[in-house]
Amino acid sequence: MQHPMDLSGKVAVVTGGNGGIGLGITKGLASAGCHVAIWARNAAKNEAAVQALQGLPGNVQAFACDVTDRASVDAAAAATLQRFGFIDGMFANAGIGGGGRESFLVRKPEDWGQMIDVNLYGAFHACQVALAQMKTQSEQGRKHGRIVLTSSIASHFGTAANEHYAMTKAGLTSLARSIAVEFARYGVTANALLPGYTATEMTTGLFDNEKFVKAVMPRIPQRRFGSSDDFAGVAIYLMSDLSSYHTGDAMTIDGGYSIY
Ligand code: NDP
């Protein structure tokens with residue numbers, strides 16, 4: 001009998017799966033036997049991720065994709081379906097951070113535009129193509145779809161001078177709930193993942209800042225920043241049949257930061 005956490009035969013897409021949290025998700029899924037399609041832009045990073053994850057039970061392939069560009073997303077979906085035949089899971093994880101910490105008073109509309117373009121429209125395109133495919137698969141008897149949106153604990157809190165990032169992340173948490181309601185009939189669950197401070201390329205500058213580390217670390221009960229590997233277990237669980245009644249949730253993975 002197949003172990004319920006054995007994901008053999010399932011296929012997931014991880015946008016931004018070539019680095020950071022996305023790579024942790026990809027590695028976790030592939031280690032449990034899931035085939036994974038990485039959708040991201042940087043060819044060298046895509047290739048390095050595929051090389052690094054060779055030999056795991058699930059096959060990992062990377063497809064060049066800019067999630068802000070619908071034609072690019074459609075092409076990645078077609079290539080994924082040609083390679084693996086199905087899309088059972090969409091981990092819409094690609095995102096950009098706030099960068100500089102300018103006051104809202106000097107924020108430019110273009111800054112908002114770029115943030116919304118990647119963090120919200122990126123998820124919009126990825127989820128729309130995945131859900132259309134999941135609906136078709138469900139009508140053909142393959143009634144198992146998973147949407148996982150990488151939000152952030154920033155969606156819980158007010159963040160001075162980084163409001164544009166936080167607001168897109170709150171939007172993703174909300175989107176997960178709406179998808180959960182509309183697509184439940186097709187066997188699709190949808191949840192948001194809310195990482196806390198996690199060591200990745202996005203946070204390198206921040207974590208190198210001694211003043212920041214001194215201020216934040218005492219507020220994390222586990223007294224460490226997260227690592228990309230901390231997202232493997234939750235990804236496996238959400239992709240598995242065990243999570244089939246778990247939907248519309250905002251799942252916090254932050255070492256206890258937001259309860260302290
Ligand atoms: P990284 O910067 O390490 O990774 C971002 C990933 O997104 C890369 O794989 C990048 O690949 C991809 N990406 C960015 N823009 C696009 C695009 N237009 N099209 C396709 N892929 C794109 O960041 P993290 O791993 O830290 O972040 C992953 C997610 O986690 C983000 O949504 C972030 O907001 C969220 N998060 C991170 C936290 C942290 O502390 N690190 C905390 C809370 C949430 P490429 O450049 O090759 O396209």
# chains A, B, ... in the order shown; residues from 1 in each chain; ligands from 1
>>> residues_near_ligand(ligand="ligand 1", cutoff="6 Å", atoms="only C-alpha atoms and all ligand atoms", output="PyMOL selection string")
chain A and resi 15-22+40-42+65-68+93-97+118+150-152+195-203
>>> residues_around(residues="A:Ala250", least_positions_apart="3", cutoff="8 Å", atoms="only C-alpha atoms", output="list in words")
Thr173, Asn191, Ala192, Leu193 and Leu194 of chain A
>>> write_last_selection(atoms="C-alpha atoms", output="PDB file, in the first residue's frame")
ATOM      1  CA  THR A 173      -4.012  35.153   1.534  1.00  0.00           C
ATOM      2  CA  ASN A 191      -4.153  27.589   1.115  1.00  0.00           C
ATOM      3  CA  ALA A 192      -1.722  30.405   1.790  1.00  0.00           C
ATOM      4  CA  LEU A 193       1.717  29.805   3.283  1.00  0.00           C
ATOM      5  CA  LEU A 194       2.949  32.616   5.498  1.00  0.00           C
TER       6      LEU A 194
END
>>> closest_residue(among="A:Leu120, A:Gly226, A:Leu23, A:His164", to="A:Lys108", atoms="only C-alpha atoms")
A:His164
>>> residues_around(residues="A:Phe183", least_positions_apart="3", cutoff="12 Å", atoms="only C-alpha atoms", output="ChimeraX atom specification")
/A:127-128,130-136,138,143-147,175-180,186-190,247-248
>>> closest_residue(among="A:Gly122, A:Gly99, A:Gly256, A:Gly28", to="A:Leu53", atoms="only C-alpha atoms")
A:Gly28
>>> select_by_dssp(residues="stretch 2-223 of chain A", states="alpha helix (DSSP H)", output="PyMOL selection string")
chain A and resi 20-31+43-52+70-84+109-115+122-139+163-183+204-207+210-216
>>> write_last_selection(atoms="C-alpha atoms", output="mmCIF file, in the first residue's frame")
data_model
loop_
_atom_site.group_PDB
_atom_site.id
_atom_site.type_symbol
_atom_site.label_atom_id
_atom_site.label_comp_id
_atom_site.auth_asym_id
_atom_site.auth_seq_id
_atom_site.Cartn_x
_atom_site.Cartn_y
_atom_site.Cartn_z
ATOM 1 C CA GLY A 20 15.119 30.145 -1.682
ATOM 2 C CA ILE A 21 11.781 28.977 -0.316
ATOM 3 C CA GLY A 22 10.695 27.672 -3.737
ATOM 4 C CA LEU A 23 13.748 25.425 -3.924
ATOM 5 C CA GLY A 24 12.942 24.058 -0.454
ATOM 6 C CA ILE A 25 9.396 23.300 -1.620
ATOM 7 C CA THR A 26 10.663 21.681 -4.827
ATOM 8 C CA LYS A 27 13.183 19.541 -2.962
ATOM 9 C CA GLY A 28 10.579 18.394 -0.440
ATOM 10 C CA LEU A 29 8.045 17.465 -3.107
ATOM 11 C CA ALA A 30 10.579 15.624 -5.282
ATOM 12 C CA SER A 31 11.960 13.749 -2.273
ATOM 13 C CA ALA A 43 18.389 29.936 -16.982
ATOM 14 C CA ALA A 44 21.574 29.362 -14.974
ATOM 15 C CA LYS A 45 19.679 29.094 -11.682
ATOM 16 C CA ASN A 46 17.096 26.809 -13.305
ATOM 17 C CA GLU A 47 19.830 24.506 -14.561
ATOM 18 C CA ALA A 48 21.634 24.514 -11.194
ATOM 19 C CA ALA A 49 18.421 23.595 -9.356
ATOM 20 C CA VAL A 50 17.694 20.698 -11.716
ATOM 21 C CA GLN A 51 21.270 19.429 -11.337
ATOM 22 C CA ALA A 52 21.173 19.734 -7.542
ATOM 23 C CA ARG A 70 0.780 35.509 -19.735
ATOM 24 C CA ALA A 71 2.281 34.179 -22.968
ATOM 25 C CA SER A 72 5.302 32.954 -21.014
ATOM 26 C CA VAL A 73 3.065 31.271 -18.402
ATOM 27 C CA ASP A 74 0.950 29.631 -21.107
ATOM 28 C CA ALA A 75 4.109 28.322 -22.800
ATOM 29 C CA ALA A 76 5.455 26.920 -19.508
ATOM 30 C CA ALA A 77 2.111 25.232 -18.844
ATOM 31 C CA ALA A 78 2.108 23.651 -22.314
ATOM 32 C CA ALA A 79 5.702 22.435 -21.856
ATOM 33 C CA THR A 80 4.889 21.054 -18.392
ATOM 34 C CA LEU A 81 1.859 19.173 -19.686
ATOM 35 C CA GLN A 82 3.861 17.810 -22.594
ATOM 36 C CA ARG A 83 6.564 16.554 -20.204
ATOM 37 C CA PHE A 84 4.449 15.325 -17.277
ATOM 38 C CA PRO A 109 3.090 54.492 -8.480
ATOM 39 C CA GLU A 110 5.672 52.515 -10.521
ATOM 40 C CA ASP A 111 6.889 50.831 -7.286
ATOM 41 C CA TRP A 112 3.335 49.712 -6.563
ATOM 42 C CA GLY A 113 2.948 48.622 -10.187
ATOM 43 C CA GLN A 114 6.017 46.389 -10.137
ATOM 44 C CA MET A 115 5.043 44.825 -6.799
ATOM 45 C CA GLY A 122 2.118 36.539 -11.277
ATOM 46 C CA ALA A 123 -0.096 34.451 -8.993
ATOM 47 C CA PHE A 124 -3.160 35.365 -11.065
ATOM 48 C CA HIS A 125 -1.654 33.957 -14.287
ATOM 49 C CA ALA A 126 -0.174 30.867 -12.621
ATOM 50 C CA CYS A 127 -3.373 30.007 -10.745
ATOM 51 C CA GLN A 128 -5.667 30.672 -13.686
ATOM 52 C CA VAL A 129 -3.846 28.276 -16.013
ATOM 53 C CA ALA A 130 -3.452 25.673 -13.257
ATOM 54 C CA LEU A 131 -7.099 25.820 -12.184
ATOM 55 C CA ALA A 132 -8.356 25.478 -15.756
ATOM 56 C CA GLN A 133 -6.234 22.335 -16.067
ATOM 57 C CA MET A 134 -7.320 21.008 -12.639
ATOM 58 C CA LYS A 135 -10.977 21.522 -13.561
ATOM 59 C CA THR A 136 -10.493 19.549 -16.783
ATOM 60 C CA GLN A 137 -8.610 16.801 -14.948
ATOM 61 C CA SER A 138 -11.353 16.660 -12.303
ATOM 62 C CA GLU A 139 -14.026 16.218 -14.977
ATOM 63 C CA GLU A 163 3.253 48.720 2.617
ATOM 64 C CA HIS A 164 3.228 47.730 -1.044
ATOM 65 C CA TYR A 165 4.813 44.340 -0.297
ATOM 66 C CA ALA A 166 2.542 43.650 2.693
ATOM 67 C CA MET A 167 -0.586 44.543 0.792
ATOM 68 C CA THR A 168 0.206 42.162 -2.073
ATOM 69 C CA LYS A 169 0.810 39.384 0.439
ATOM 70 C CA ALA A 170 -2.520 40.072 2.168
ATOM 71 C CA GLY A 171 -4.098 39.872 -1.288
ATOM 72 C CA LEU A 172 -2.654 36.389 -1.800
ATOM 73 C CA THR A 173 -4.012 35.153 1.534
ATOM 74 C CA SER A 174 -7.423 36.406 0.500
ATOM 75 C CA LEU A 175 -7.113 34.893 -2.981
ATOM 76 C CA ALA A 176 -6.445 31.460 -1.470
ATOM 77 C CA ARG A 177 -9.758 31.640 0.396
ATOM 78 C CA SER A 178 -11.742 32.631 -2.675
ATOM 79 C CA ILE A 179 -10.183 29.879 -4.778
ATOM 80 C CA ALA A 180 -10.906 27.404 -1.968
ATOM 81 C CA VAL A 181 -14.596 28.271 -2.114
ATOM 82 C CA GLU A 182 -15.031 28.357 -5.891
ATOM 83 C CA PHE A 183 -13.025 25.252 -6.771
ATOM 84 C CA THR A 204 20.556 38.578 2.387
ATOM 85 C CA GLY A 205 20.925 42.343 2.830
ATOM 86 C CA LEU A 206 18.554 42.349 5.783
ATOM 87 C CA PHE A 207 20.177 39.480 7.653
ATOM 88 C CA GLU A 210 23.515 43.508 12.686
ATOM 89 C CA LYS A 211 21.054 46.058 14.061
ATOM 90 C CA PHE A 212 18.149 44.299 12.373
ATOM 91 C CA VAL A 213 19.203 40.841 13.588
ATOM 92 C CA LYS A 214 19.609 42.125 17.162
ATOM 93 C CA ALA A 215 16.133 43.623 17.109
ATOM 94 C CA VAL A 216 14.304 40.692 15.512
#
>>> select_by_dssp(residues="stretch 59-191 of chain A", states="strand (DSSP E)", output="PDB file with N, CA and C atoms, in the first residue's frame")
ATOM      1  N   VAL A  60      12.614  16.391 -11.586  1.00  0.00           N
ATOM      2  CA  VAL A  60      12.515  17.865 -11.566  1.00  0.00           C
ATOM      3  C   VAL A  60      12.971  18.417 -12.910  1.00  0.00           C
ATOM      4  N   GLN A  61      12.121  19.219 -13.516  1.00  0.00           N
ATOM      5  CA  GLN A  61      12.453  19.886 -14.770  1.00  0.00           C
ATOM      6  C   GLN A  61      12.223  21.378 -14.585  1.00  0.00           C
ATOM      7  N   ALA A  62      12.969  22.186 -15.314  1.00  0.00           N
ATOM      8  CA  ALA A  62      12.764  23.632 -15.212  1.00  0.00           C
ATOM      9  C   ALA A  62      12.337  24.194 -16.566  1.00  0.00           C
ATOM     10  N   PHE A  63      11.423  25.133 -16.521  1.00  0.00           N
ATOM     11  CA  PHE A  63      10.935  25.775 -17.740  1.00  0.00           C
ATOM     12  C   PHE A  63      11.052  27.282 -17.568  1.00  0.00           C
ATOM     13  N   ALA A  64      11.704  27.928 -18.534  1.00  0.00           N
ATOM     14  CA  ALA A  64      11.892  29.381 -18.457  1.00  0.00           C
ATOM     15  C   ALA A  64      10.525  30.044 -18.431  1.00  0.00           C
ATOM     16  N   GLY A  89      -0.702  20.257  -8.745  1.00  0.00           N
ATOM     17  CA  GLY A  89      -0.430  21.251  -7.706  1.00  0.00           C
ATOM     18  C   GLY A  89       0.197  22.490  -8.296  1.00  0.00           C
ATOM     19  N   MET A  90      -0.230  23.636  -7.826  1.00  0.00           N
ATOM     20  CA  MET A  90       0.409  24.908  -8.219  1.00  0.00           C
ATOM     21  C   MET A  90       0.875  25.606  -6.962  1.00  0.00           C
ATOM     22  N   PHE A  91       2.191  25.683  -6.793  1.00  0.00           N
ATOM     23  CA  PHE A  91       2.787  26.441  -5.686  1.00  0.00           C
ATOM     24  C   PHE A  91       3.204  27.792  -6.271  1.00  0.00           C
ATOM     25  N   ALA A  92       2.317  28.764  -6.175  1.00  0.00           N
ATOM     26  CA  ALA A  92       2.591  30.104  -6.731  1.00  0.00           C
ATOM     27  C   ALA A  92       3.431  30.846  -5.696  1.00  0.00           C
ATOM     28  N   GLY A 145      -6.660  18.570  -6.780  1.00  0.00           N
ATOM     29  CA  GLY A 145      -5.922  19.783  -7.138  1.00  0.00           C
ATOM     30  C   GLY A 145      -5.470  20.522  -5.892  1.00  0.00           C
ATOM     31  N   ARG A 146      -4.321  21.118  -5.989  1.00  0.00           N
ATOM     32  CA  ARG A 146      -3.760  21.853  -4.840  1.00  0.00           C
ATOM     33  C   ARG A 146      -3.243  23.211  -5.309  1.00  0.00           C
ATOM     34  N   ILE A 147      -3.727  24.269  -4.653  1.00  0.00           N
ATOM     35  CA  ILE A 147      -3.179  25.613  -4.890  1.00  0.00           C
ATOM     36  C   ILE A 147      -2.533  26.055  -3.582  1.00  0.00           C
ATOM     37  N   VAL A 148      -1.289  26.458  -3.658  1.00  0.00           N
ATOM     38  CA  VAL A 148      -0.590  26.970  -2.466  1.00  0.00           C
ATOM     39  C   VAL A 148       0.058  28.299  -2.844  1.00  0.00           C
ATOM     40  N   LEU A 149      -0.358  29.348  -2.174  1.00  0.00           N
ATOM     41  CA  LEU A 149       0.146  30.686  -2.494  1.00  0.00           C
ATOM     42  C   LEU A 149       1.137  31.107  -1.415  1.00  0.00           C
ATOM     43  N   THR A 150       2.349  31.460  -1.814  1.00  0.00           N
ATOM     44  CA  THR A 150       3.309  31.931  -0.812  1.00  0.00           C
ATOM     45  C   THR A 150       3.006  33.393  -0.502  1.00  0.00           C
ATOM     46  N   VAL A 188     -10.343  20.636  -5.462  1.00  0.00           N
ATOM     47  CA  VAL A 188      -9.177  21.527  -5.301  1.00  0.00           C
ATOM     48  C   VAL A 188      -9.202  22.146  -3.906  1.00  0.00           C
ATOM     49  N   THR A 189      -8.062  22.103  -3.220  1.00  0.00           N
ATOM     50  CA  THR A 189      -7.903  22.874  -1.987  1.00  0.00           C
ATOM     51  C   THR A 189      -6.988  24.057  -2.291  1.00  0.00           C
ATOM     52  N   ALA A 190      -7.143  25.123  -1.527  1.00  0.00           N
ATOM     53  CA  ALA A 190      -6.271  26.295  -1.729  1.00  0.00           C
ATOM     54  C   ALA A 190      -5.910  26.874  -0.368  1.00  0.00           C
ATOM     55  N   ASN A 191      -4.641  27.055  -0.157  1.00  0.00           N
ATOM     56  CA  ASN A 191      -4.153  27.589   1.115  1.00  0.00           C
ATOM     57  C   ASN A 191      -3.037  28.594   0.871  1.00  0.00           C
TER      58      ASN A 191
END
>>> residues_around(residues="A:Gly58", least_positions_apart="2", cutoff="6 Å", atoms="only C-alpha atoms", output="PyMOL selection string")
chain A and resi 30+33-35+56
>>> write_last_selection(atoms="C-alpha atoms", output="PDB file, in the first residue's frame")
ATOM      1  CA  ALA A  30      10.579  15.624  -5.282  1.00  0.00           C
ATOM      2  CA  GLY A  33       8.189  11.236  -5.328  1.00  0.00           C
ATOM      3  CA  CYS A  34       6.304  14.164  -6.875  1.00  0.00           C
ATOM      4  CA  HIS A  35       7.367  15.310 -10.329  1.00  0.00           C
ATOM      5  CA  LEU A  56      15.486  12.246  -5.998  1.00  0.00           C
TER       6      LEU A  56
END
>>> atom_distance(atom1="atom CA of A:Asp249", atom2="atom CA of A:Asp229")
21.1 Å
